[in-house]
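Engineer: I'd like to ask some things about the structure below.
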Amino acid sequence: MKLQVNWVEMDTQATEIHSEQPATEAQAAEAPEPSQPARRPISGWRLWTRDLLFSAAASVLIITFLYQPVRVEGTSMLPRLVDQDRLFINKFVYHFEAIERGDVVVFHYPRNPQVSYIKRIIAVPGDSFRIDRGQVFVNGKAVSEPYVPEEYRDSRSYEAIVVPPDQYFVLGDHRSIASDSRDFGPVKRDLIYGKATFVYWPKQDVGVVR
């Protein structure tokens, strides 16, 4: 809410009226009209304070309702996300656009909704999916995964499935240690509540999440 204060200065010079006799119509017509009260402009520091308060309130609303700060616990998303990294997740983006392969998402763990997991979307509803000795295949094509360094790969396989409607297959980038859809199956859409967007701390990890 914007608040604006206007200072009003009253005119102290009243029109002079003689008390000996009433003024004639001509005299009344010639009498000067009272001057309008002058408005004092808002000082610079008041404008600065008002704008600062408005900006702070808008920032709180954005962080509270659009973005949420979270902390990473664990190493299943190495090398991009490190244990104890702080990042923002966008909680509203999936109300306006579809979840896509490659998105890093936060969701309620299917076996315990009180716990949140962060993983990468590998396959979306309707995709055929399998893993052959560590190589991921989606819709019959081998998937290039530059976010998984060679030292983080494993040789696990996963039998071919078609991802069910409103469900998503997620994997951790650190394949050799991650607990993901290979263990608990595809994640239902209503369990996914945010997209990882930006690491803000520590400074060596600051940047967009890709």
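As shown in the structure tokens, the chain order sets the letters A, B, ...; within each chain, residues go from 1, and ligands are also counted from 1 in the order they appear.
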Could you find all residues in range 36-124 of chain A that DSSP calls strand (DSSP E) from the backbone, and write them as a PyMOL selection string?
Structural biologist: chain A and resi 38-40+67-71+86-90+104-109+112-123
Engineer: Excluding Pro149 in chain A and its own-chain neighbours fewer than 2 positions away, which residues fall within 12 Å of it when counting only C-alpha atoms? Please give them as a PyMOL selection string.
Structural biologist: chain A and resi 77-80+144-147+151-154+173-176
Engineer: Could the residues in this selection be saved with C-alpha atoms as a CSV table (one decimal), in the first residue's frame?
Structural biologist:
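For reference, result_19.csv as written:
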```
chain,number,residue,atom,x,y,z
A,77,MET,CA,23.0,-34.3,-7.2
A,78,LEU,CA,26.7,-33.9,-7.5
A,79,PRO,CA,28.5,-32.3,-9.2
A,80,ARG,CA,26.1,-29.3,-9.7
A,144,SER,CA,23.4,-37.7,-23.7
A,145,GLU,CA,23.9,-36.6,-20.1
A,146,PRO,CA,26.7,-34.1,-19.8
A,147,TYR,CA,25.6,-33.4,-16.2
A,151,GLU,CA,33.2,-41.0,-12.3
A,152,TYR,CA,29.6,-40.6,-11.1
A,153,ARG,CA,28.1,-43.2,-13.5
A,154,ASP,CA,27.3,-46.8,-12.6
A,173,ASP,CA,23.1,-37.0,-11.2
A,174,HIS,CA,25.4,-39.0,-8.9
A,175,ARG,CA,24.1,-42.3,-10.3
A,176,SER,CA,26.3,-44.5,-8.2
```
Engineer: Find the residue from A:Pro186, A:Pro202, A:Gly194, A:Gly44 that sits nearest to Lys91 in chain A; use only C-alpha atoms when measuring.
Structural biologist: A:Gly194
Engineer: Name all residues at most 10 Å from Asp127 in chain A (count only C-alpha atoms; drop same-chain ones fewer than 5 positions away) and give them as a list in words.
Structural biologist: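 Contacts, with the query itself left out: Ile122, Phe137, Val138, Asn139, Gly140, Ile161, Val162, Val163, Pro164, Pro165, Tyr168 and Phe169 of chain A.
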Engineer: Env of Pro110 in chain A: 9 Å cut, atoms = only C-alpha atoms, seq-sep filter 4 positions within chain, self excluded. Answer as a VMD selection string.
Structural biologist: chain A and resid 115 184 to 185 187 to 188 191
Engineer: Hey, can you spit out that residue selection with all heavy atoms as a CSV table (one decimal), in the first residue's frame?
Structural biologist:
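Wrote out05.csv, looks like this:
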```
chain,number,residue,atom,x,y,z
A,115,VAL,N,9.2,-35.7,3.8
A,115,VAL,CA,10.5,-35.5,3.3
A,115,VAL,C,10.5,-35.1,1.9
A,115,VAL,O,9.7,-35.6,1.1
A,115,VAL,CB,11.3,-36.9,3.5
A,115,VAL,CG1,12.8,-36.7,2.9
A,115,VAL,CG2,11.4,-37.3,4.9
A,184,PHE,N,12.2,-46.2,-6.1
A,184,PHE,CA,10.9,-46.0,-5.6
A,184,PHE,C,9.9,-45.7,-6.8
A,184,PHE,O,8.7,-45.4,-6.5
A,184,PHE,CB,10.8,-44.8,-4.6
A,184,PHE,CG,11.5,-43.6,-5.0
A,184,PHE,CD1,10.9,-42.7,-6.0
A,184,PHE,CD2,12.7,-43.2,-4.5
A,184,PHE,CE1,11.5,-41.5,-6.3
A,184,PHE,CE2,13.4,-42.0,-4.8
A,184,PHE,CZ,12.8,-41.2,-5.8
A,185,GLY,N,10.3,-45.9,-8.0
A,185,GLY,CA,9.4,-45.8,-9.1
A,185,GLY,C,9.1,-44.3,-9.6
A,185,GLY,O,9.6,-43.4,-9.0
A,187,VAL,N,7.5,-40.7,-10.1
A,187,VAL,CA,6.9,-39.7,-9.1
A,187,VAL,C,5.6,-39.1,-9.7
A,187,VAL,O,5.6,-38.6,-10.8
A,187,VAL,CB,7.9,-38.6,-8.8
A,187,VAL,CG1,7.3,-37.6,-7.8
A,187,VAL,CG2,9.2,-39.2,-8.2
A,188,LYS,N,4.6,-39.1,-8.9
A,188,LYS,CA,3.3,-38.6,-9.3
A,188,LYS,C,3.4,-37.0,-9.4
A,188,LYS,O,4.1,-36.4,-8.7
A,188,LYS,CB,2.2,-38.9,-8.3
A,188,LYS,CG,1.8,-40.4,-8.3
A,188,LYS,CD,0.7,-40.7,-7.3
A,188,LYS,CE,0.3,-42.2,-7.3
A,188,LYS,NZ,-0.8,-42.5,-6.4
A,191,LEU,N,3.0,-34.6,-6.5
A,191,LEU,CA,4.1,-34.6,-5.4
A,191,LEU,C,5.2,-33.6,-5.8
A,191,LEU,O,5.9,-33.2,-4.9
A,191,LEU,CB,4.7,-36.0,-5.3
A,191,LEU,CG,3.8,-37.1,-4.7
A,191,LEU,CD1,4.5,-38.4,-4.6
A,191,LEU,CD2,3.3,-36.7,-3.3
```
Engineer: Choose the residue, out of A:Phe65, A:Tyr158, A:Tyr200, A:Tyr94, that has the smallest atom-to-atom separation from Phe129 in chain A; count only C-alpha atoms.
Structural biologist: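 The shortest atom-to-atom distance to Phe129 in chain A comes from A:Tyr158.
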Engineer: Pick from A:Arg189, A:Arg86, A:Lys203, A:Lys195: nearest to Gly102 in chain A, with only C-alpha atoms counted?
Structural biologist: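 The closest residue to Gly102 in chain A is A:Lys195.
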Engineer: List the neighbours of Val106 in chain A out to 10 Å using only C-alpha atoms; skip same-chain residues closer than 3 positions along the sequence, and give me the result as a ChimeraX atom specification.
Structural biologist: /A:70,89-91,103,109,116-120,191-196
Engineer: Go ahead and write the selection's residues with C-alpha atoms as an mmCIF file, in the first residue's frame.
Structural biologist:
```cif
data_model
loop_
_atom_site.group_PDB
_atom_site.id
_atom_site.type_symbol
_atom_site.label_atom_id
_atom_site.label_comp_id
_atom_site.auth_asym_id
_atom_site.auth_seq_id
_atom_site.Cartn_x
_atom_site.Cartn_y
_atom_site.Cartn_z
ATOM 1 C CA VAL A 70 15.783 -24.504 0.391
ATOM 2 C CA ILE A 89 12.960 -23.052 -6.124
ATOM 3 C CA ASN A 90 10.183 -21.640 -8.275
ATOM 4 C CA LYS A 91 6.868 -22.858 -6.845
ATOM 5 C CA ASP A 103 14.399 -30.025 -15.196
ATOM 6 C CA TYR A 109 9.254 -38.382 -1.301
ATOM 7 C CA SER A 116 11.503 -33.632 0.198
ATOM 8 C CA TYR A 117 13.836 -34.892 -2.534
ATOM 9 C CA ILE A 118 15.588 -33.057 -5.352
ATOM 10 C CA LYS A 119 16.261 -34.945 -8.606
ATOM 11 C CA ARG A 120 16.368 -34.497 -12.368
ATOM 12 C CA LEU A 191 4.058 -34.587 -5.431
ATOM 13 C CA ILE A 192 6.223 -32.196 -7.475
ATOM 14 C CA TYR A 193 6.026 -28.688 -6.045
ATOM 15 C CA GLY A 194 8.976 -26.709 -7.360
ATOM 16 C CA LYS A 195 11.730 -26.250 -9.935
ATOM 17 C CA ALA A 196 15.288 -25.560 -8.791
#
```
Engineer: Among range 26-207 of chain A, which residues carry a DSSP assignment of alpha helix (DSSP H), reported as number ranges by chain?
Structural biologist: A: 26-30, 44-65, 181-184
Engineer: Taking 5 positions as the minimum chain separation for residues in the same chain, which residues sit within 6 Å of Val72 in chain A when counting only C-alpha atoms? Answer as a PyMOL selection string.
Structural biologist: chain A and resi 83-85
Engineer: Keeping only all heavy atoms, write the selected residues to a file as a compact mmCIF listing (two decimals), in the first residue's frame.
Structural biologist:
```txt
# COMPACT_ATOMS: atom_id res chain seq x y z
N ASP A 83 26.23 -30.77 -1.05
CA ASP A 83 25.62 -30.84 0.27
C ASP A 83 25.70 -29.48 0.96
O ASP A 83 26.77 -28.85 0.99
CB ASP A 83 26.33 -31.90 1.11
CG ASP A 83 25.68 -32.11 2.47
OD1 ASP A 83 24.43 -32.08 2.55
OD2 ASP A 83 26.42 -32.29 3.45
N GLN A 84 24.57 -29.01 1.49
CA GLN A 84 24.42 -27.74 2.20
C GLN A 84 24.34 -26.51 1.29
O GLN A 84 24.31 -25.37 1.76
CB GLN A 84 25.54 -27.52 3.24
CG GLN A 84 25.63 -28.62 4.29
CD GLN A 84 24.31 -28.83 5.04
OE1 GLN A 84 23.74 -27.88 5.57
NE2 GLN A 84 23.84 -30.07 5.08
N ASP A 85 24.29 -26.71 -0.02
CA ASP A 85 24.00 -25.58 -0.92
C ASP A 85 22.64 -24.99 -0.58
O ASP A 85 21.70 -25.70 -0.23
CB ASP A 85 23.96 -26.03 -2.38
CG ASP A 85 25.33 -26.00 -3.04
OD1 ASP A 85 26.31 -25.58 -2.38
OD2 ASP A 85 25.43 -26.40 -4.22
```
Engineer: Rounded to one decimal, what separation in Å do you get between CA of Leu87 in chain A and CA of Ala57 in chain A?
Structural biologist: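 Rounded to one decimal, the two atoms are 20.9 Å apart.
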Engineer: Using Å and a single decimal, report how far CA of Asp190 in chain A sits from CA of Leu81 in chain A.
Structural biologist: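 Rounded to one decimal, the two atoms are 24.0 Å apart.
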